[in-house]
Structure formats: C-alpha cells, structure tokens
Amino acid sequence: MSSSLASRRGTGQPDTAPGIQPQPTRRPSQSRTRSNLSGWGFAAPFLVFFLVFLVWPILYGFYMSLTGKSLTGANDSLIGFANYAEALADSDMWRSLGNTLYFTVISTVPLVLVALVMAALLNVGLPAQWLWRLSYFAPYLLASTVVSLFFTWMYNPQLGLFNDFLSKLGLGKVAWLNDPNVAMWAIVIATLWWTVGFNFLLYLAAMQNIPAQHYEAASLDGAGAWRQFFSITLPQLTPTTVMIVLLQILASLKIFDQVYQMTAGGPEGSTRPVVQYIFETGFTGYRLGYSAAISYIFFGLIVLISVMQFVTTRRRSA
Amino acid sequence: MATPTLTRPTPRTSTSHEARKPRKKMTAGKIAALVVVAFIAVLWLIPFAWATATAFKTETDAASPKVSWMPPSGFTAEAFVKVFQDGNIPLWTWNSFYTSAAITAITLVISALVAYALSRIDFKGKKVLMTVIIASIIIPPPVLIIPLFYQMLALHLIDTSWAIILPQVIHPAMVFVLKKFFDQIPRELEEAAVMDGASRLRIFTQIILPLSRPILAAVAIFVFIGAWNNFLWPFIATNDGALLTLPVGLQTIKSAYGIQYAQNMASALLAALPLILVFLFFQRQIIKGVATTGLAGT
C-alpha cells in the first residue's frame, strides 16, 4: 500500500527521466504512469542484459537447432526437425545422456549424505569449529581445474597416492582414470571432495536454526542424542533436505568441467557427459545446428526433472 | 552430546541455558564425534597436503615411483620459481580478478535495481516480469553456449574480456534473494523521505542500500566465487592467451608442462591461493553469505 502512497506523494523529479519537470498537480492517473515509468526504469538495466544475453540466445538457440548451421558457414537454411530426428537416433548422444544421468544418481547420494553426516557431527558442539568448517568447505573455493590437477596426480597409476595406499594395504593397483569401470567413480570421489562443503554449510545453517527448546523438551523426557537426531533434527531438516537434493540434482546434471579435464570423456567414452557432447559437436565438429538441437533435448530433460520435483514437493508440503 | 549447541547464540534462545559454553563438557559421545570429525578433516586436507609436498620437491623426486612425503633430495621452491619465470599465473590471476570484479559489480547494480522495483513499486506488468525472471532460473548455462558463442561472434566480442563478462551478469536467483530481503525492510523507514520529496532513486541509494549491506555482501561473495571459478564459458569465449582466466589458463598448463609434476602442483596451488586467503580472512562472512544465498538457486 505504502508504495502507491509513496508515488502519489512523491514530489521529486521522476528518476527515470531526469529532464522532465515535475507536474504542479498530480492526479491518480498520472501517479500510475509515474509508477509504471519508474518501475520499468529500475528494471531496465537488468532487462537489457536479460533480453540480450539470456532470452535472445535461448530463442535463437532453438532457431539454430532447426537449421544446418555450421561454424564453417555452410547451409544456413531451415531443415525442420531433422537435427532432432538425427539426435534421437544417435547412439553417442544417448550414451552421453546416460553417462550424465548415471553420474547424477551416483553423485547425488554421497553428496547429500556425507554433507548431512558432517553437519550433524559438527552440530554436536565441538571445540575448534572454525577449523573443521574450514577443512570441509575449503575445496569448494577451488576452480575445477585445480581439483582436476590434484586428483589426476593422486590417481596416477604408478606415482599416485591412491595406488600407493592400496599397495600398502597389500591390494592391487587400480587404473583409476583409465579403467572404464572405475573412471566415473573416480570422478565422483573428486567431485565429492570438491563440492560437499557447500551442502554441508547449508545443512549446518539449517541445523543451527532449529529452536533449542525442541531439544530441551526432549532431553527432559530422557531422549538420548540418537533419538533426538532422528526424532527432532531429521524431521526438522526435511525442507532443507528437499532443497539440497533438488539443487544437487540440477548441479550434477550440468557435469562437464572435471570430466573434460580429468578423462576428456574417456576411456572409450565411458565418462563423456552430454554437455561435453554438445561442446564437441559444436566446436570440434563445427555442427552448431545439430549441437543446438542436442542442447535443447538436454534442456527439455532438465525442465522435465524440475517439473517432476516441483510437483512432488508441492504435493508433500500440501 | 545432549544439546546441539549453536556456534553463535541466537537472540531467540536468550535464557539461562544459553550461557552454557559448547566446550564445557566433553562427554564420551562428544569425544567420539570429535575423533570422526578430525578423521574426515584429515582426509579432506590430504589432497592439499600432497599437492604441497609435491610442489616443493625436485622434479626427479616428484616423478620417483617411491611415493614419499619426505623427498630424498629435500624440499625446494624450484618449481615455484620456474612457474613464476616462464608461467603466466600472475597474468591469469589478474584476468580472473578484473573479470570477476566487473561481473560482480554489474550483477549487484542491475539486480538490486530490478529487485527494488519488484519489491516496492506498483507498475504494470510487474507480475509477468516476476514470473519470467523466476522461470528463467531453470535455464542451465551449458544450454546457452552454442547460441551465445554465435552471438558473440556476430557482435565481434569473441577474444575480448566483454565476451567473458557480459553473459555472466544475469543471476535471476540473486534478484529473487534481494527482493525477499527488500520486502522485509519496514516501509515506515522510507515514509519520512517520501514526505521530504525524495526521489525513488534517492530512497533506494540512501535508505534501502545502506540497510541491505549484509545481503549485498552475500550476493557479491556468491557471484564472485562463481565467476572466479567458472570454466566452461571463459574457455569457449577466448582463445587469446593474453585474456585467459586462471581456471582456463591452468588447463593449458597440463599440456605445456606434461609430466612436470612439481610444476603442475605449484601452479595449482598458486591458482588456489587467492580465494583461500580471502576465505581465511572473511570466513564468517563467506560462510554466512553462502548459507543465505545458497538455497535460493531453485
């Protein structure tokens, strides 16, 4: 209410058009216009960027996906949905999409569970909080390239720390990044180390927001720490858990950096995610139109998953 | 282990209980928790420690099949000297710094302005605008790389810093975070200024913005870290060696140095250093910032 009041009473210059003199008398319709002007005026800078660098590319990308556009300039003409038809029959596309989904499933579970365990342990109230928080969260501040350099070195079959540890345990060597059966798991381990600190912080913040009275009442009733965790902490955290899982799934679906840097999608395409396939089709294969079509298929998948999540969480909270 | 203790007591629980210090009593349960916590912390520090140990070795020791934390020839800063002499780390750090700073500054200005309009001004089409901005949160950046690259080619911005900066300033989720914060600022604070005939822009800059410092800092931190570490888009947007950002430049090192393990690790550590240092100084603000903005992504 007060905002319309404010604009009615406002006597200064209209902020969006500094040159215009203030009107001596102001009727409601004028104040409406003024509100519209200043509203869109404040929105304008964001809108310009939003339209030029987000809305336009997303629309133009769809147009591109209907053409045979390539980086070499050949064939700009519309070819309908031919790119989509080709993509749906492209086993490499399906394989990369499968890899992305596989990574999403096997990374989301540890990334949420380990974060929960870390936060729950710290929430007990231990000394040197800052030190533990720092150690768990610090990797999140690294660029993907740094993480990849660290882990590629530790995964080195002959000189790496991992295999040295295994051999000290009397176990055989593992070809971490060169074994199609292991490579994806190796990437999950690196990713867990890199980004779990983010989920951990979100959990920790949520736990610290649980009112202490809940626990006081429970301990008066004689509930132990475990009981309290399962009957108070976990249920109270449900909305946070839902959000963290959603965010994590969406983040994992975008996997590209670490894979591209550590295995380049290998061995034998066993780790190549769909974003890398988009990248390669467009920039190595020069097929921008086809690449845009795969982007849109990927986008459709993300929209589908988001809508599914939205519907299920809505139902749960309703 | 009976009560979960807050790192910082919130005013809400200001009873006699709350005076209890977290570390007062170490029960058996707490000690067990501490052991596990410390164990995980050690695991989490190993990659840093191993990278540091390697970076301070001679290349011969680093490439020795006998894995050891204490190298036979002792520790040396040779690798760092080499990296500084013929490497581009200072240049890449500078490129990362000014592009990330520009991205953060532009993001803050345009997002705060639109968030203020969405929070305080009644204008035609506001609901539609709000819906479109929220809906756009769903668009994953990798989907945009192909059309954006084509667009940058057409605008002749490829191989300029603008190509790196401009597409990274749109953060719909952050607009939403700011709007929610502005919504909570009592409107009475503005009324007096309105009576005095202050313009909207003045109210925004002199009343709203100063009250919003914590959230602006949080958004700035979130955007800056994201921009500093972004790989995919800067990797596509520039081929010019003079413009590479730190994460992209580091990728070229792998092929340039090949099996120079000590130099690889020295470069990685130098690249990691700036943000880690900033974090050590502003730990509390960064943790708070990430916790407040982090959940806004959806």
# chains A, B, ... in the order shown; residues from 1 in each chain; ligands from 1
$ interface_residues --of "chain A" --to "chain B" --cutoff "6 Å" --atoms "only C-alpha atoms" --output "PyMOL selection string"
chain A and resi 3+6+10-12+15+35-36+39+42-43+45-46+53+57+61+121+123-125+127+135+142-143+145-146+159+202+208+225+295
$ select_by_dssp --residues "region 186-298 of chain B" --states "alpha helix (DSSP H)" --output "PyMOL selection string"
chain B and resi 188-195+200-203+209-211+213-229+232-237+246-257+261-281+283-294
